[in-house]
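Asks: Quick one: the structure is below, and I'll ask about it shortly.
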Amino acid sequence: MARRTRMFLTFPGIVVVCLHLLGGSMETANEVDPYKILGVTKSASQAEIKKVYKRLVREWHPDKNKNEGAEDMFIKITKSYEILSNEEKRTNYDRYGQTDDTQPYGHGHYGHRHDHFYFDESFFHFPFNNKGNREFADSKYALHFNQYVNDVVPDSYKRPYLIKITSDWCFSCIHIEPVWKEVVLELEALGVGIGVVDVGYERRLANHLGAHRTPSILGVINGKVTFFHYAVVKEHLRQFVEDLLPQRLVEKVTDRNDFQFLNSWHEQNKPHVLLFDQVPVVPLLYKLTAFAYKDYVQFGYVDQGLSETANLLKQFNINTYAPTMLVFKESTDKPADIIQAKGMKKQIIDEFITNNKFLLVPRLVNQKLFDELCPVKQFHRRRKYCVLLITGDEESYTIGNQAFLTFASTNTLEVVRFAYVYQRLQQSLCDILLKTKDSTPPPPQVFILERRNPAGKVLYKEVAGGWNGTDEDKQRLLDELERLQKDPSILNYDAMLPELNNEFASMFLIRWIYTAYDYISEILDDILHNNWREMMPLLSLIFSALFILFGTVVVQAFSDSSEDGKSKPKAKEGTKTENGSPVSSSTSSRPPKKNFVEVTELTDITYTSNLVKLRPGHMNVVLVLTDATKNVLLSKFAKEVYSFTGSLTLHFSFLNVDKHSAWMETLLEFAQDAMQIDTEEDDCARHKIDYTGYVLALNGHKKYLCLFKPVYTGEEGGSSEEEGPGGATGGGKRSRSGSRDDHPPRRSTPRSRSTATLQIHHKLDRLGLWMERLMEGTLPRYYIPGWPGLDKITGPK
């Protein structure tokens with residue numbers, strides 16, 4: 001019992017000691033940020049880190065720096081370089097914020113085995129869920145959602161990523177593990193990014209990537225996700241990564257195009273690198289390097305085994321027993337730098353390219369290049385100066401520009417970089433430095449700049465005398481640079497520079513075409529392969545649109561064929577107008593077509609839609625006829641109103657007065673003003689009026705009508721009488737001598753029938769003029785309280 005008491009009493013002490021050690025180690029980890037100590041970014045290469053480390057070691061070495069804290073700073077610099085120079089330690093710190101002192105903590109669910117307090121997994125010897133076997137892939141390359149968005153996607157614009165989607169209880173994942181491990185070891189050494197997503201812990205990231213089954217392998221480049229759809233073998237995965245890279249990253253160079261390739265440095269504003277090797281295809285390592293530095297360097301490849309490259313090998317004295325890399329800048333005859341090694345490693349190539357990223361005198365073509373050539377001042381000992389020549393691209397400036405290049409090639413100062421701009425392409429920058437508002441271009445001028453903040457503030461000094469490339473100009477510039485080393489205060493002017501124009505930016509149309517091509521390619525890739533779950537909404541939308549379109553076309557085709565079949569026989573049997581326009585008397589309500597006047601019969605079926613519920617602003621022009629006069633009046637009616645069929649507010653109908661004489665009488669009883677012309681006749685005579693040839697313009701919404709009454713019933717061969725003022729408008733009296741009651745038709749002889757036919761034919765004379773006044777709105781309107789019903793048919797008398 002006493003022993004148990006002692007153990008219980010000492011347990012809190014153990015807890016306190018553990019918490020103290022844990023807090024101390026975490027505190028140490030928080031104090032040490034290797035990136036801040038070395039002053040580099042997370043995207044810095046090994047060559048950049050090594051270069052900064054050497055400089056800081058010389059600066060903070062206790063034997064040279066006697067300041068307090070120099071020794072502690074020296075130790076921090078050494079530890080920071082130890083972390084960042086080791087890829088595994090650097091990756092560990094980037095993902096989990098771990099250093100060697102805090103290695104057991106922060107691994108999350110992928111933690112390493114500790115020396116104590118773990119279960120022996122060999123007791124549960126399952127072929128899956130075995131972290132010991134899968135520690136290689138899962139713990140080191142595990143991806144989280146924020147890490148993917150913040151680190152992987154931006155970094156994918158410099159190197160491709162190969163990502164595996166897996167889970168703890170995935171049987172198929174066990175089979176591909178050996179191949180995956182072998183491929184990762186090879187591709188990671190070449191510069192390919194590797195990632196592993198466990199669906200059980202990172203479902204959000206898996207859904208974001210569009211991976212809905214395990215195992216899945218995908219590639220990410222330029223922020224775009226591409227799935228791997230082939231057998232998981234080493235050759236296929238290697239080819240998949242190579243296919244992710246853009247085309248024409250590396251140009252094949254021979255004796256025929258070597259001058260054209262090397263001499264394009266001026267247009268592209270980039271150094272050119274040539275790799276000499278004996279393999280016929282461009283190595284993947286070289287392609288990955290070209291992709292990583294595509295914004296800075298143009299890459300070419302020379303196959304030493306071709307006879308077409310013999311002159312190049314002889315010209316540059318290439319040793320054919322080892323790969324050789326040459327970098328050319330402004331001079332195309334002599335390389336600016338060269339490396340040769342049997343085992344061309346990624347670190348060697350990166351350091352070689354980083355030291356030769358820029359021309360001796362590059363042209364400032366965008367803000368990004370300006371920021372890298374002339375960085376913002378951080379500390380007093382890290383001042384960088386930029387000697388800028390403002391010139392032109394015309395032939396007259398060639399001598400001065402060449403002299404400036406010659407002067408820059410002799411520069412030995414590490415803190416000075418040389419550059420130039422074309423005034424017409426960077427007008428806003430040049431106007432501020434030159435302080436000129438005149439449109440005439442000034443002579444070339446040299447400025448010495450020191451950038452003070454990212455917003456654009458600079459200190460600068462103008463080198464007096466301009467720049468013509470003479471020896472006096474070179475000496476003045478050299479004197480100013482020597483004074484600058486002794487006294488930086490000679491930069492006595494300050495200004496706020498605007499952001500530079502991007503001279504190599506592609507047009508909007510080209511960017512739109514590339515974006516559309518990528519989008520279509522992605523859709524086709526999803527359709528051809530098995531990512532149907534993501535494609536279901538889009539496929540559903542496409543099939544719905546096709547179904548609606550197909551259904552509409554089919555229905556329209558059948559309706560058109562049925563209507564044409566009905567109208568063609570009637571067009572043959574019916575009469576035609578004098579100008580050859582056929583007339584239709586069907587009950588359809590289609591809008592009139594060219595060379596066709598459609599007239600609908602007004603019956604109890606069409607009465608409501610064609611009159612009572614007619615849309616506001618629409619009118620129905622109704623011709624009154626009988627069975628005997630139908631063909632003649634319809635033909636004449638079509639001729640008179642044909643020119644008005646283009647109006648969408650006019651509808652044309654006819655009313656058979658033999659069937660609906662009661663409706664006609666009731667309607668005119670409501671319109672008492674329209675019947676004032678018959679006041680001299682008694683009430684009995686009103687029922688004997690012949691309504692044949694009357695035309696009614698009916699406005700169903702506003703409930704009014706306009707009336708046209710026939711004005712001519714002359715004999716055959718006679719001349720027509722002058723029309724009274726009310727004849728065409730329905731607003732005046734009709735001449736009694738022109739009434740049909742004064743000249744009743746003679747039906748006993750053929751001559752009488754011919755005369756009656758002519759009279760009917762002439763009843764619609766001057767209807768066209770009446771229609772013009774109707775469209776102008778100058779006809780009298782007769783309002784009625786309501787439309788009478790048309791549900792009854794007058795019986796035969």
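Following the order of the structure tokens, first chain is A, next is B, and so on, with residues numbered from 1 inside each chain and ligands from 1 in the order they appear.
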Near Arg58 of chain A, counting only C-alpha atoms, which residues have an atom at most 12 Å away, once you skip same-chain residues fewer than 3 positions from it, shown as JSON, numbers by chain?

Replies: {"A": [51, 52, 53, 54, 55, 61, 62, 63, 64, 65, 70, 73, 74, 77, 78]}

Asks: Please produce a file of the residues just selected, as a short mmCIF file (atom, residue, chain, number, x, y, z; two decimals), in the first residue's frame, where the atoms kept are all heavy atoms.

Replies:
```cif
data_model
loop_
_atom_site.label_atom_id
_atom_site.label_comp_id
_atom_site.auth_asym_id
_atom_site.auth_seq_id
_atom_site.Cartn_x
_atom_site.Cartn_y
_atom_site.Cartn_z
N LYS A 51 23.75 30.07 -51.22
CA LYS A 51 24.41 31.35 -51.45
C LYS A 51 24.17 32.30 -50.28
O LYS A 51 25.09 32.98 -49.79
CB LYS A 51 23.90 31.95 -52.75
CG LYS A 51 24.59 33.23 -53.16
CD LYS A 51 24.07 33.71 -54.51
CE LYS A 51 24.78 34.98 -54.93
NZ LYS A 51 24.29 35.46 -56.25
N VAL A 52 22.92 32.36 -49.79
CA VAL A 52 22.60 33.23 -48.66
C VAL A 52 23.30 32.75 -47.40
O VAL A 52 23.79 33.55 -46.59
CB VAL A 52 21.07 33.28 -48.46
CG1 VAL A 52 20.71 34.02 -47.19
CG2 VAL A 52 20.40 33.95 -49.65
N TYR A 53 23.36 31.44 -47.22
CA TYR A 53 24.02 30.89 -46.03
C TYR A 53 25.50 31.27 -45.97
O TYR A 53 26.00 31.68 -44.92
CB TYR A 53 23.86 29.36 -46.03
CG TYR A 53 24.73 28.66 -45.02
CD1 TYR A 53 24.48 28.75 -43.64
CD2 TYR A 53 25.82 27.90 -45.43
CE1 TYR A 53 25.29 28.12 -42.72
CE2 TYR A 53 26.63 27.25 -44.51
CZ TYR A 53 26.36 27.36 -43.17
OH TYR A 53 27.16 26.73 -42.25
N LYS A 54 26.19 31.17 -47.09
CA LYS A 54 27.60 31.52 -47.10
C LYS A 54 27.81 32.99 -46.75
O LYS A 54 28.74 33.35 -46.03
CB LYS A 54 28.20 31.21 -48.48
CG LYS A 54 28.34 29.73 -48.76
CD LYS A 54 28.95 29.50 -50.15
CE LYS A 54 29.12 28.01 -50.43
NZ LYS A 54 29.72 27.77 -51.77
N ARG A 55 26.95 33.83 -47.27
CA ARG A 55 27.09 35.26 -46.98
C ARG A 55 26.82 35.57 -45.52
O ARG A 55 27.53 36.35 -44.87
CB ARG A 55 26.16 36.06 -47.88
CG ARG A 55 26.20 37.56 -47.64
CD ARG A 55 25.37 38.29 -48.67
NE ARG A 55 24.02 37.76 -48.75
CZ ARG A 55 23.07 38.02 -47.86
NH1 ARG A 55 23.32 38.81 -46.81
NH2 ARG A 55 21.86 37.51 -48.00
N HIS A 61 29.94 35.48 -38.27
CA HIS A 61 30.93 34.61 -37.61
C HIS A 61 31.49 35.33 -36.39
O HIS A 61 31.88 36.51 -36.47
CB HIS A 61 32.05 34.24 -38.59
CG HIS A 61 32.84 33.05 -38.15
ND1 HIS A 61 33.83 33.14 -37.18
CD2 HIS A 61 32.79 31.74 -38.52
CE1 HIS A 61 34.36 31.94 -36.97
NE2 HIS A 61 33.74 31.08 -37.79
N PRO A 62 31.53 34.64 -35.24
CA PRO A 62 32.00 35.32 -34.00
C PRO A 62 33.41 35.88 -34.11
O PRO A 62 33.74 36.85 -33.40
CB PRO A 62 31.91 34.21 -32.95
CG PRO A 62 30.91 33.24 -33.48
CD PRO A 62 31.07 33.28 -34.98
N ASP A 63 34.25 35.32 -34.96
CA ASP A 63 35.61 35.86 -35.09
C ASP A 63 35.63 37.19 -35.82
O ASP A 63 36.57 37.98 -35.64
CB ASP A 63 36.48 34.85 -35.83
CG ASP A 63 36.65 33.55 -35.04
OD1 ASP A 63 36.44 33.59 -33.80
OD2 ASP A 63 36.96 32.51 -35.66
N LYS A 64 34.59 37.45 -36.64
CA LYS A 64 34.55 38.69 -37.40
C LYS A 64 33.53 39.69 -36.84
O LYS A 64 33.73 40.90 -36.96
CB LYS A 64 34.22 38.39 -38.86
CG LYS A 64 35.26 37.53 -39.57
CD LYS A 64 34.88 37.31 -41.03
CE LYS A 64 35.94 36.48 -41.74
NZ LYS A 64 35.60 36.25 -43.18
N ASN A 65 32.47 39.20 -36.26
CA ASN A 65 31.42 40.07 -35.74
C ASN A 65 31.50 40.06 -34.22
O ASN A 65 31.26 39.04 -33.57
CB ASN A 65 30.05 39.57 -36.22
CG ASN A 65 28.96 40.60 -36.03
OD1 ASN A 65 28.99 41.39 -35.09
ND2 ASN A 65 27.99 40.61 -36.93
N ALA A 70 25.98 37.79 -31.59
CA ALA A 70 26.46 37.30 -32.88
C ALA A 70 26.63 35.79 -32.85
O ALA A 70 26.33 35.10 -33.83
CB ALA A 70 27.78 37.98 -33.25
N MET A 73 23.23 34.19 -33.06
CA MET A 73 22.73 34.31 -34.42
C MET A 73 23.46 33.35 -35.35
O MET A 73 22.86 32.76 -36.26
CB MET A 73 22.92 35.76 -34.91
CG MET A 73 22.29 36.03 -36.27
SD MET A 73 20.48 35.82 -36.20
CE MET A 73 20.07 36.13 -37.90
N PHE A 74 24.75 33.16 -35.12
CA PHE A 74 25.53 32.23 -35.95
C PHE A 74 25.01 30.80 -35.78
O PHE A 74 24.91 30.03 -36.76
CB PHE A 74 27.00 32.32 -35.57
CG PHE A 74 27.89 31.42 -36.38
CD1 PHE A 74 28.27 31.78 -37.66
CD2 PHE A 74 28.34 30.20 -35.87
CE1 PHE A 74 29.08 30.95 -38.43
CE2 PHE A 74 29.13 29.37 -36.62
CZ PHE A 74 29.52 29.74 -37.90
N ILE A 77 21.70 30.47 -37.62
CA ILE A 77 21.92 30.39 -39.07
C ILE A 77 22.36 28.98 -39.46
O ILE A 77 21.89 28.41 -40.45
CB ILE A 77 22.95 31.44 -39.50
CG1 ILE A 77 22.38 32.85 -39.34
CG2 ILE A 77 23.38 31.21 -40.95
CD1 ILE A 77 23.40 33.95 -39.56
N THR A 78 23.24 28.41 -38.66
CA THR A 78 23.73 27.06 -38.95
C THR A 78 22.61 26.04 -38.87
O THR A 78 22.47 25.15 -39.73
CB THR A 78 24.86 26.70 -37.98
OG1 THR A 78 25.88 27.70 -38.04
CG2 THR A 78 25.47 25.35 -38.34
#
```

Asks: For the structure I just gave you, how does DSSP split segment 213-393 of chain A - specifically, which residues are alpha helix (DSSP H)? Reply as an MDAnalysis selection string.

Replies: chainID A and resid 234:244 258:262 265:268 284:292 310:315 346:354 367:373

Asks: Counting only C-alpha atoms, which residues in segment 372-444 of chain A sit no more than 8 Å from segment 466-490 of chain A? For each one, give the nearest pair of atoms and the distance in Å, sorted by chain then residue number, as a Markdown table.

Replies:
```
| residue | atom | partner | partner_atom | distance |
| --- | --- | --- | --- | --- |
| A:Ile399 | CA | A:Gly469 | CA | 6.8 |
| A:Gly400 | CA | A:Gly469 | CA | 4.4 |
| A:Asn401 | CA | A:Gly469 | CA | 7.4 |
| A:Gln402 | CA | A:Gly469 | CA | 7.8 |
| A:Ala403 | CA | A:Gly469 | CA | 4.9 |
| A:Phe404 | CA | A:Gly469 | CA | 6.5 |
| A:Phe407 | CA | A:Lys474 | CA | 7.0 |
| A:Pro443 | CA | A:Gly466 | CA | 6.8 |
| A:Pro444 | CA | A:Trp467 | CA | 5.4 |
```

Asks: What separation in Å, quoted to one decimal, exists between atom CA of Tyr161 of chain A and atom CA of Leu326 of chain A?

Replies: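 Atom CA of Tyr161 of chain A sits 28.3 Å away from atom CA of Leu326 of chain A.
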
Asks: Just give me the gap between atom CA of Asp33 of chain A and atom CA of Glu82 of chain A in Å, one decimal is fine.

Replies: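 Separation of atom CA of Asp33 of chain A and atom CA of Glu82 of chain A: 12.2 Å.
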
Asks: Could you jot down the atom CA of Glu267 of chain A to atom CA of Pro441 of chain A separation for me, Å, one decimal place?

Replies: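 Going from atom CA of Glu267 of chain A over to atom CA of Pro441 of chain A covers 22.4 Å.
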
Asks: So which residues touch segment 343-347 of chain A within 10 Å, counting only C-alpha atoms, skipping near sequence neighbours fewer than 4 positions away, as a list of chain:residue names?

Replies: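 The residues satisfying every condition are A:Ser45, A:Gln46, A:Ala47, A:Ala189, A:Leu190, A:Gly191, A:Leu285, A:Tyr286, A:Leu288, A:Thr289, A:Ala322, A:Pro323, A:Thr324, A:Met325, A:Ile339, A:Glu351, A:Phe352.
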
Asks: Output C-alpha atoms of each residue in that selection to a file, as a PDB file, in the first residue's frame.

Replies:
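Just written: part24.pdb:
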```
ATOM      1  CA  SER A  45      16.018  26.800 -54.437  1.00  0.00           C
ATOM      2  CA  GLN A  46      18.928  24.989 -52.835  1.00  0.00           C
ATOM      3  CA  ALA A  47      21.365  27.177 -54.766  1.00  0.00           C
ATOM      4  CA  ALA A 189      14.665  13.095 -57.526  1.00  0.00           C
ATOM      5  CA  LEU A 190      13.838  14.660 -60.890  1.00  0.00           C
ATOM      6  CA  GLY A 191      11.747  17.430 -59.301  1.00  0.00           C
ATOM      7  CA  LEU A 285      14.866  15.853 -66.081  1.00  0.00           C
ATOM      8  CA  TYR A 286      15.647  18.430 -68.745  1.00  0.00           C
ATOM      9  CA  LEU A 288      11.109  19.415 -65.894  1.00  0.00           C
ATOM     10  CA  THR A 289      13.892  21.967 -65.614  1.00  0.00           C
ATOM     11  CA  ALA A 322      29.345  13.225 -70.836  1.00  0.00           C
ATOM     12  CA  PRO A 323      26.280  15.469 -71.014  1.00  0.00           C
ATOM     13  CA  THR A 324      27.204  19.116 -71.468  1.00  0.00           C
ATOM     14  CA  MET A 325      25.140  22.226 -70.773  1.00  0.00           C
ATOM     15  CA  ILE A 339      28.937  22.599 -67.004  1.00  0.00           C
ATOM     16  CA  GLU A 351      22.266  25.984 -59.373  1.00  0.00           C
ATOM     17  CA  PHE A 352      23.584  26.434 -62.903  1.00  0.00           C
TER      18      PHE A 352
END
```

Asks: Excluding Arg615 of chain A and its own-chain neighbours fewer than 6 positions away, which residues fall within 10 Å of it when counting only C-alpha atoms? Please give them as a VMD selection string.

Replies: chain A and resid 609 649 699 to 701

Asks: For the strand (DSSP E) assignment from backbone DSSP, which residues of segment 604-645 of chain A qualify? Please present them as a list in words.

Replies: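 Those in segment 604-645 of chain A that DSSP calls strand (DSSP E) are Met619, Asn620, Val621, Val622, Leu623, Val624 and Leu625 of chain A.
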
Asks: What would the file look like if the residues just selected were written as a CSV table (one decimal), in the first residue's frame with N, CA and C atoms?

Replies:
```
chain,number,residue,atom,x,y,z
A,619,MET,N,-57.1,44.2,-83.9
A,619,MET,CA,-58.4,44.4,-84.5
A,619,MET,C,-58.6,43.3,-85.5
A,620,ASN,N,-59.9,42.9,-85.6
A,620,ASN,CA,-60.3,41.9,-86.5
A,620,ASN,C,-61.2,42.5,-87.6
A,621,VAL,N,-60.7,42.5,-88.9
A,621,VAL,CA,-61.4,43.0,-90.0
A,621,VAL,C,-62.2,41.9,-90.6
A,622,VAL,N,-63.6,42.1,-90.5
A,622,VAL,CA,-64.5,41.0,-90.9
A,622,VAL,C,-65.3,41.4,-92.1
A,623,LEU,N,-65.3,40.5,-93.1
A,623,LEU,CA,-66.0,40.7,-94.4
A,623,LEU,C,-67.3,40.0,-94.3
A,624,VAL,N,-68.4,40.7,-94.6
A,624,VAL,CA,-69.8,40.1,-94.5
A,624,VAL,C,-70.1,39.5,-95.9
A,625,LEU,N,-70.5,38.3,-96.0
A,625,LEU,CA,-70.8,37.7,-97.3
A,625,LEU,C,-71.9,36.6,-97.2
```
